[in-house]
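Notes to accompany the following structure.
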Amino acid sequence: MFNKKNIEFLKRAIKHRSFIVGGSMTLLLIFCAFISLFWTPWDPIKQNLLIRHSPPSWEHLLGTDQFGRDIFSVIMAGSQNSISVGLVSVSIGIIFGVSIGLLASTKRGWVEELIMRLCDFMYAFPAILLAIMLVATIGQGSINAMVAIGIFSIPVFARLTRGAANAIWAREYILASRSAGKGLFRITIEHVLPNILSVIIVQATIQFALAILAEAALSFLGLGAQPPTPSWGRMLSEARSMIYLNPWLAVYPGIAIAISVLGLNLLGDGLRDLVDPRLARKR
Amino acid sequence: MTNNETIVEAKSLSKFYRLPKESLFKKPEVIKAVNDVNFKIIKGKSFGVVGESGSGKSTLARCIMGLERPTAGEVKINSVDIFSLSANELRNMRKQFQMVFQDPFGSLNPRKKILSIIAEPLDVLEKVKKNDRRSRVIDTLKSVGLKETDIEKFPHEFSGGQRQRIAIARALITKPKIIVADEPVSALDVSVQAQVLNLLQDLQDSFGVTYILISHDLAVVKFVCDDVIVMNEGKIVESGSAKEIFTNPKHEYTKTLLEAVPRF
Amino acid sequence: MLDIKNLNINLNTVYGDATAVRNLSFKLEKGKTLGIVGESGCGKSLTALAVMGLLPENSWSTGEIIFNNKNLLSLNEDKLCKIRGNSIGMIFQEPMTSLNPLHTIGKQIAEPMILHGKVTRSMIKKEVLNLLDMVGIPDPLKRISSFPHELSGGQRQRVMIAMALSCKPEILIADEPTTALDVTIQKQILDLIKDLIDEFGMSMILISHDLGVIANNVQEIIVMYGGVCVEKGYTKKLINNISHPYSQGLFSAIPTLEMQEDSEQRLKTIPGSVPEITEIPKGCTFQGRCEYVSDICVKNSPNSVKISEDHEAYCFNLDKLN
Amino acid sequence: MSIFLLKRFFTFIVTLLGASLLTFLSLEILPGDPARVILGIDAPQSAVDALRLQLGLDRPMVDRYFDWLAHLLTGRFGVSYTYNVPVMDLIKHRIGITFPLAILSMLLSVLVALILGIYAASRHNKIGDVSVMGLSQLGISIPNFWLALLLILFFAVNLGWFSSGGFVGWDKGFIKSIQSLILPAISLATVQGAILARFTRSAVLETMREDYVRTARAKGLTRRGTLWKHVLRNAMIPVITIMGLQFANLLAGTIIVEEVFAIPGLGRLILQAISNRDITVVRDVVILLAALVVFINFVVDVLYAVIDPRLKPQDV
């Protein structure tokens, strides 16, 4: 665990600006979601029409919305939704995408051709369009949105995995393993997968960010999380009709989304730099 | 050297590749990487395959290792055609022939410790106890001139020459009869090449392995090998004892090749 | 004509700063050829790039590189550009990647001539055809509009030579020009370079890890190890009396075709391996692998010791050796 | 015709067919009777049956798929159930808004991205590079519909320079029309432009490390000369691929941005059709958008062949 290579990696990591900044922002997001499970300043669901549209104050840090809910509390609670969407959809993407990609690169020939063609078909549809279509037909709601977004990250992971795995298959140590008599499946598990893991993790962070964006868009269109589940996307859509009355409503949830996405993107970029041996050598 | 037992034999071995079509109305081009190659290798001797890039020597090596199925012909090891065997039978036979590759940086998985790299053929081909496994790896590691403590290290902690020793140890661990070495020193620094070449010589003396050495470097082949074939464009242009070929080449191509080597 | 004095090249790597070339000095006279031989990481290629002013971003050089009475290291970028390709031409190791895949051969050969105003527009095509013919490319009229991927490795290297020589430079720097090529092609390319050098009366710096290539193609040799020159001298004198322990080890470690057939024979070896660039020791750089090493080798860097006229080595223990 | 282009064209056709199958199936295999879905749970069975007949739902799925394909190929799209007009009429009108919007945002994003990307690469690791990259990182992280809201808030609500939504119609003049498309275009272009800028930068940097760039410098070209003559064209090859993919994202982005700005384009059409369960419209518009995306990617492939001589058409 703490061999020379890992320590080297950690040393470079703490010096890496975007890794540290992105990492802390991501931690903040996770922290926020975790805390909100047990505690928020105010109840994010309960309405209090007496204090509608109150301006920011010490009591309500970011003010209240059209139903008198504390915006800060709703945003905190909304992070749960974003994180679960990211987790579920990225897991779907990884589980199916990586297996499909590995299958393609192990089997080659027509299997690979077929899988990659299928991915091409999926690429022909802008992801959000199909997500909209799918959610519209199987019904609205958080779970369906997660599944829809997850399905459309499958080809992304499949392609990535296949590309990275093909590069590993071309290495001589695979040839050495084959000449030692190892079967394709064992080679895949023992040699290929561990060597492409870092690439997949980097993509997973990026995909996590994209999932948060996509879910926000679906919720904005009313196809994602349904009331009263707090969701940043829906907050924005509700704020739209209040834009003359209380413009700040349209600002805060967007900032929350931007911070989360920015954090994950920075983290992904940092990780990519850190695991790319080419850059490590060159600096 | 007393018996002239044949250990490897290639019989009209051919491997063709089809290139992707260039144009609709032309026939796809076929690369004859190995074209009707015949030879016999005598047990305990070193057999050299010489040729320039594109001569088919690496494809030949992979066919001998059973990593590529030839288009036609046979590879017989101890009089058994390896391509007539089932996957299981072939696996059992692999104990007898192992391979050393050109690139000491690419041929070791960067994420594995030396112990599991060297033990890999052992794990697949023989069922050995954990203690046994470890002691056999250490023994082999020592025989290639590395230390016992090295088994807990990762490949990146070694220099090119040391890595090639590790690769040789991996090939040796099952006590094979045959080692196919594809350009084993060409990626190494000049001052390190000699160490590895000497090691190969020593190991042959102590284990009696048969080498099949693939190289573009004529001097290296001359130094190591007893018998040599010269390949050009997939075909054997000349074959014979190393002495014969290097002092008295018959074929025009062999002559050009020998003349082109810079001397000092 | 080219006088390098106390050249130092520093590198900035992830693992810390390193000195890749130390106190290197040599002269190259007009019409002479010089070879630098050494293993990977000995600093030979960086030296060549330093002369061209093309060191990678993470490195810098100090000392003096005097070319025609101007110190190249103190010239600004614009002035250097006027020298590069014009008075000093360079050929690189990888003919496969050293040509721009999107431009025709003709365009790439013409580029330096246009840039340095060597020919009028109307004469360019004729000049390029001449050059292609000169480097032995068959059917130049057809090849002038070919793209690099349509040529073999040997032919691409010929194109590189045509490009480097198009402005008739005073010095040609060839950095491992044949390492990526087969032996038979290697000989053709080296012979071509030699002929052209003679024809134009150019000077050349030839860089290679291959002793055979160096010994056969230059008049003077510099042997480098760990960023320093360990031995230099006229080719004949040096080859006949190899003096530095490293050079000796290197020369005897290589199997040759001339070796006698004898299965019990072993090669002489140099123990250990080439040190990483960040781990080159102070004092003599070869101390870690030298069988004659003594205390002074660890403390001080050896000075030049004259072996004979035009032949010197940098070692404290030369007397012990012979 | 070269083999390369022929192959690409074949892929184009196959992908299109695959996409049509995917669209058809995803709207087909779903649980429930489409007719029932359209009419709602309370509708009487007789009405549902009548609609099934009208939509041809009583026929086997395979037949209906090929029918639909045949109709698409002859340009006869279906008839919208809710509007009771041919889908073609609905599309014809709206594509004249969505397409210009997509093109406008594509132009904006490409223009900004190329300039910023190349600038950042040429100032590698200097302050200019770092700030451009920081900015683009931010640009990527902002949801386009939020940016749209902010733009409305600032330019329409606060400054009153633009209207907060709607489309004036091409008959009101070119300038006026473009004006009503400019805010939506900006909100679409920002994200894609930021992505493209980052990509351009890394493509340029990557190319600058190539051996042939060093060759060019050894010829005596200045840094800048090398950039223009040897780096840019080579770096554009991967950038163009991304542009193709981005066009798809822009088209999809119009759906949501049109919604925010209340622009009556294809995006709104599809959203309304979805909420009205108008499957005919959904299916036809989706396949139209998919076909556009596939077509753009085909064009990108052809562009490749023009730029890269390694893929130049050879004579048959």
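Convention: chains lettered A, B, ... in structure tokens order; per-chain residue numbering from 1; ligands numbered from 1 as shown.
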
> What residues in segment 57-165 of chain B get the DSSP label strand (DSSP E)? Please answer as a PyMOL selection string.
Replying inline: chain B and resi 72-77+80-81+97-100

> Taking only C-alpha atoms into account, which residues of chain B are within 9 Å of chain C, as a PyMOL selection string?
Replying inline: chain B and resi 52-53+159-162+189-195+197-198+201+216-220+222-226+242-243+246-247+256-264

Write out, as a PDB file, in the first residue's frame, the residues just selected, with C-alpha atoms.
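Generated file (selection.pdb):
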ATOM      1  CA  GLU B  52      15.836  -6.976 -41.144  1.00  0.00           C
ATOM      2  CA  SER B  53      12.534  -5.380 -40.226  1.00  0.00           C
ATOM      3  CA  SER B 159      17.108  -0.608 -14.752  1.00  0.00           C
ATOM      4  CA  GLY B 160      16.614  -1.937 -18.272  1.00  0.00           C
ATOM      5  CA  GLY B 161      19.225  -4.636 -17.922  1.00  0.00           C
ATOM      6  CA  GLN B 162      17.837  -5.819 -14.596  1.00  0.00           C
ATOM      7  CA  ASP B 189      22.367   0.067 -23.497  1.00  0.00           C
ATOM      8  CA  VAL B 190      25.517  -1.175 -25.146  1.00  0.00           C
ATOM      9  CA  SER B 191      27.363  -1.602 -21.863  1.00  0.00           C
ATOM     10  CA  VAL B 192      24.518  -3.713 -20.476  1.00  0.00           C
ATOM     11  CA  GLN B 193      23.996  -5.904 -23.539  1.00  0.00           C
ATOM     12  CA  ALA B 194      27.153  -7.840 -22.781  1.00  0.00           C
ATOM     13  CA  GLN B 195      25.927  -8.743 -19.286  1.00  0.00           C
ATOM     14  CA  LEU B 197      24.427 -12.048 -23.464  1.00  0.00           C
ATOM     15  CA  ASN B 198      26.864 -13.605 -21.013  1.00  0.00           C
ATOM     16  CA  GLN B 201      25.423 -18.260 -22.312  1.00  0.00           C
ATOM     17  CA  HIS B 216      18.701  -8.081 -36.475  1.00  0.00           C
ATOM     18  CA  ASP B 217      22.165  -7.781 -34.973  1.00  0.00           C
ATOM     19  CA  LEU B 218      24.475 -10.143 -36.794  1.00  0.00           C
ATOM     20  CA  ALA B 219      27.265  -9.910 -34.247  1.00  0.00           C
ATOM     21  CA  VAL B 220      24.939 -10.872 -31.402  1.00  0.00           C
ATOM     22  CA  LYS B 222      27.204 -14.903 -34.191  1.00  0.00           C
ATOM     23  CA  PHE B 223      28.200 -14.628 -30.549  1.00  0.00           C
ATOM     24  CA  VAL B 224      25.352 -16.736 -29.215  1.00  0.00           C
ATOM     25  CA  CYS B 225      24.276 -19.137 -31.917  1.00  0.00           C
ATOM     26  CA  ASP B 226      25.470 -22.428 -33.372  1.00  0.00           C
ATOM     27  CA  ALA B 242      26.950 -19.821 -37.761  1.00  0.00           C
ATOM     28  CA  LYS B 243      30.590 -20.266 -38.683  1.00  0.00           C
ATOM     29  CA  PHE B 246      29.362 -15.578 -41.222  1.00  0.00           C
ATOM     30  CA  THR B 247      32.688 -16.511 -42.756  1.00  0.00           C
ATOM     31  CA  THR B 256      25.022  -7.457 -48.457  1.00  0.00           C
ATOM     32  CA  LEU B 257      23.878  -7.771 -44.878  1.00  0.00           C
ATOM     33  CA  LEU B 258      27.349  -8.673 -43.640  1.00  0.00           C
ATOM     34  CA  GLU B 259      28.984  -5.910 -45.634  1.00  0.00           C
ATOM     35  CA  ALA B 260      26.628  -3.314 -44.254  1.00  0.00           C
ATOM     36  CA  VAL B 261      27.660  -3.909 -40.634  1.00  0.00           C
ATOM     37  CA  PRO B 262      29.951  -1.091 -39.560  1.00  0.00           C
ATOM     38  CA  ARG B 263      33.283  -2.307 -38.215  1.00  0.00           C
ATOM     39  CA  PHE B 264      36.054  -0.702 -36.325  1.00  0.00           C
TER      40      PHE B 264
END

>> Please check the contacts: residues of chain A at most 6 Å away from chain B, using only C-alpha atoms, listed as a list in words.
In response: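 The complete set of qualifying residues is Arg171, Glu172, Tyr173, Ala180 and Gly181 of chain A.
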
>> Near chain C, meaning an atom within 10 Å, which residues of chain D appear when counting only C-alpha atoms? Write them as a ChimeraX atom specification.
In response: /D:209-223,229-231,233-234,307-310

Show me a table, sorted first by chain and then by increasing residue number, of the residues of chain D having an atom at most 6 Å from chain A, each with its shortest atom pair and the distance in Å to one decimal, counting only C-alpha atoms and written as CSV.
residue,atom,partner,partner_atom,distance
D:Thr15,CA,A:Phe121,CA,5.6
D:Gly18,CA,A:Phe121,CA,5.8
D:Ala19,CA,A:Phe121,CA,5.2
D:Ser141,CA,A:Leu262,CA,5.0
D:Ile142,CA,A:Ala258,CA,5.1
D:Trp146,CA,A:Gly254,CA,6.0
D:Ala248,CA,A:Pro126,CA,5.5
D:Asn249,CA,A:Pro126,CA,5.7
D:Ala252,CA,A:Pro126,CA,5.6
D:Ala290,CA,A:Phe125,CA,5.3
D:Val293,CA,A:Ala124,CA,5.9
D:Val294,CA,A:Ala124,CA,5.6

Output the selection as a short mmCIF file (atom, residue, chain, number, x, y, z; two decimals), in the first residue's frame - N, CA, C and O atoms for each residue.
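Produced file result.cif, reproduced below:
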data_model
loop_
_atom_site.label_atom_id
_atom_site.label_comp_id
_atom_site.auth_asym_id
_atom_site.auth_seq_id
_atom_site.Cartn_x
_atom_site.Cartn_y
_atom_site.Cartn_z
N THR D 15 -25.55 3.48 -39.54
CA THR D 15 -25.82 4.18 -38.28
C THR D 15 -27.22 4.77 -38.29
O THR D 15 -27.95 4.72 -37.29
N GLY D 18 -29.64 2.04 -37.73
CA GLY D 18 -29.59 1.64 -36.32
C GLY D 18 -30.30 2.64 -35.45
O GLY D 18 -31.09 2.29 -34.55
N ALA D 19 -30.06 3.92 -35.72
CA ALA D 19 -30.68 4.97 -34.92
C ALA D 19 -32.19 4.92 -35.05
O ALA D 19 -32.93 5.08 -34.08
N SER D 141 -18.63 24.27 -16.27
CA SER D 141 -19.38 23.87 -15.08
C SER D 141 -20.74 24.52 -14.96
O SER D 141 -21.52 24.18 -14.07
N ILE D 142 -21.03 25.49 -15.82
CA ILE D 142 -22.31 26.21 -15.68
C ILE D 142 -23.37 25.53 -16.54
O ILE D 142 -23.17 25.31 -17.72
N TRP D 146 -29.19 27.57 -16.76
CA TRP D 146 -28.98 28.58 -15.71
C TRP D 146 -28.37 29.84 -16.30
O TRP D 146 -28.77 30.96 -16.00
N ALA D 248 -24.02 17.92 -32.12
CA ALA D 248 -25.08 17.10 -31.53
C ALA D 248 -25.53 17.69 -30.20
O ALA D 248 -26.72 17.81 -29.92
N ASN D 249 -24.55 18.06 -29.39
CA ASN D 249 -24.88 18.62 -28.08
C ASN D 249 -25.64 19.94 -28.20
O ASN D 249 -26.52 20.24 -27.41
N ALA D 252 -29.19 19.27 -29.05
CA ALA D 252 -29.92 18.83 -27.86
C ALA D 252 -30.13 20.00 -26.92
O ALA D 252 -31.19 20.14 -26.30
N ALA D 290 -31.55 13.02 -34.95
CA ALA D 290 -30.51 12.00 -35.01
C ALA D 290 -29.87 11.97 -36.39
O ALA D 290 -28.65 11.90 -36.53
N VAL D 293 -27.46 14.72 -36.78
CA VAL D 293 -26.21 14.45 -36.07
C VAL D 293 -25.33 13.48 -36.85
O VAL D 293 -24.14 13.71 -37.06
N VAL D 294 -25.94 12.40 -37.32
CA VAL D 294 -25.18 11.41 -38.08
C VAL D 294 -24.63 12.05 -39.35
O VAL D 294 -23.49 11.81 -39.73
#

> So which bits of segment 14-178 of chain D end up helix (DSSP H, G or I) when you DSSP the backbone, as a PyMOL selection string?
Replying inline: chain D and resi 14-28+34-39+45-55+61-73+87-122+127-141+144-158+170-172+174-178

>> I'd like the neighbourhood of segment 39-44 of chain A as a PyMOL selection string, where a residue qualifies if any of its atoms comes within 10 Å (using only C-alpha atoms), though same-chain residues fewer than 3 positions away should be ignored.
In response: chain A and resi 32-36+47+59-61+68-78+228-230

Would you mind exporting the chosen residues as a PDB file, in the first residue's frame, restricted to C-alpha atoms?
ATOM      1  CA  CYS A  32     -23.121  19.005   2.749  1.00  0.00           C
ATOM      2  CA  ALA A  33     -25.187  16.052   1.597  1.00  0.00           C
ATOM      3  CA  PHE A  34     -24.124  13.999   4.602  1.00  0.00           C
ATOM      4  CA  ILE A  35     -24.967  16.709   7.149  1.00  0.00           C
ATOM      5  CA  SER A  36     -28.303  17.422   5.524  1.00  0.00           C
ATOM      6  CA  GLN A  47     -43.908  25.566   3.900  1.00  0.00           C
ATOM      7  CA  GLU A  59     -32.098  33.782  10.364  1.00  0.00           C
ATOM      8  CA  HIS A  60     -32.425  32.795   6.724  1.00  0.00           C
ATOM      9  CA  LEU A  61     -28.945  33.075   5.239  1.00  0.00           C
ATOM     10  CA  GLY A  68     -41.430  30.533   2.689  1.00  0.00           C
ATOM     11  CA  ARG A  69     -38.903  27.712   2.799  1.00  0.00           C
ATOM     12  CA  ASP A  70     -35.352  28.529   3.836  1.00  0.00           C
ATOM     13  CA  ILE A  71     -33.350  28.517   0.569  1.00  0.00           C
ATOM     14  CA  PHE A  72     -30.109  27.563   2.247  1.00  0.00           C
ATOM     15  CA  SER A  73     -31.745  24.504   3.760  1.00  0.00           C
ATOM     16  CA  VAL A  74     -33.335  23.489   0.458  1.00  0.00           C
ATOM     17  CA  ILE A  75     -30.023  23.806  -1.331  1.00  0.00           C
ATOM     18  CA  MET A  76     -28.309  21.717   1.322  1.00  0.00           C
ATOM     19  CA  ALA A  77     -30.938  19.043   1.014  1.00  0.00           C
ATOM     20  CA  GLY A  78     -30.803  19.265  -2.772  1.00  0.00           C
ATOM     21  CA  PRO A 228     -41.409  17.834  -2.616  1.00  0.00           C
ATOM     22  CA  THR A 229     -37.945  16.223  -3.044  1.00  0.00           C
ATOM     23  CA  PRO A 230     -35.540  19.170  -2.985  1.00  0.00           C
TER      24      PRO A 230
END

>> Using only C-alpha atoms and a distance of at most 9 Å, pull out the residues of chain C that contact chain A, as a ChimeraX atom specification.
In response: /C:12-15,58

> If you count only C-alpha atoms, which residues fall within 12 Å of Gln204 of chain B, apart from same-chain ones fewer than 2 positions away, as a PyMOL selection string?
Replying inline: (chain B and resi 43-46+143-144+168+172+175-179+197-202+206-212+224-225) or (chain C and resi 263-264)

>> Please compute the atom CA of Val147 of chain A-atom CA of Thr190 of chain D distance, one decimal, in Å.
In response: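 Straight-line distance from atom CA of Val147 of chain A to atom CA of Thr190 of chain D works out to 27.7 Å.
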
> When you draw a straight line from atom CA of Phe261 of chain D to atom CA of Gly141 of chain A, how long is it in Å?
Replying inline: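 Between atom CA of Phe261 of chain D and atom CA of Gly141 of chain A the gap works out to 24.4 Å.
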
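For Gly240 of chain B, the non-local neighbours within 7 Å, defined as residues at least 2 positions apart in the same chain or in other chains and counting only C-alpha atoms, are Asp227, Val228, Ile229, Glu238, Ala242, Glu244 and Ile245 of chain B.
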
>> I'd like the interatomic distance between atom CA of Val257 of chain D and atom CA of Ala102 of chain D, to a tenth of an Å.
In response: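 Atom CA of Ala102 of chain D lies 10.8 Å from atom CA of Val257 of chain D.
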
> Between A:Ser179, A:Gln80, A:Asn48, A:Gln226, which has the minimum distance to Gln96 of chain B (counting only C-alpha atoms)?
Replying inline: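 Of A:Ser179, A:Gln80, A:Asn48, A:Gln226, the one nearest Gln96 of chain B, counting only C-alpha atoms, is A:Ser179.
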
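Each of D:Ser26, D:Thr98, D:Ser177, D:Asn125 was checked against Ile256 of chain D using only C-alpha atoms; the smallest atom-to-atom distance is that of D:Thr98.
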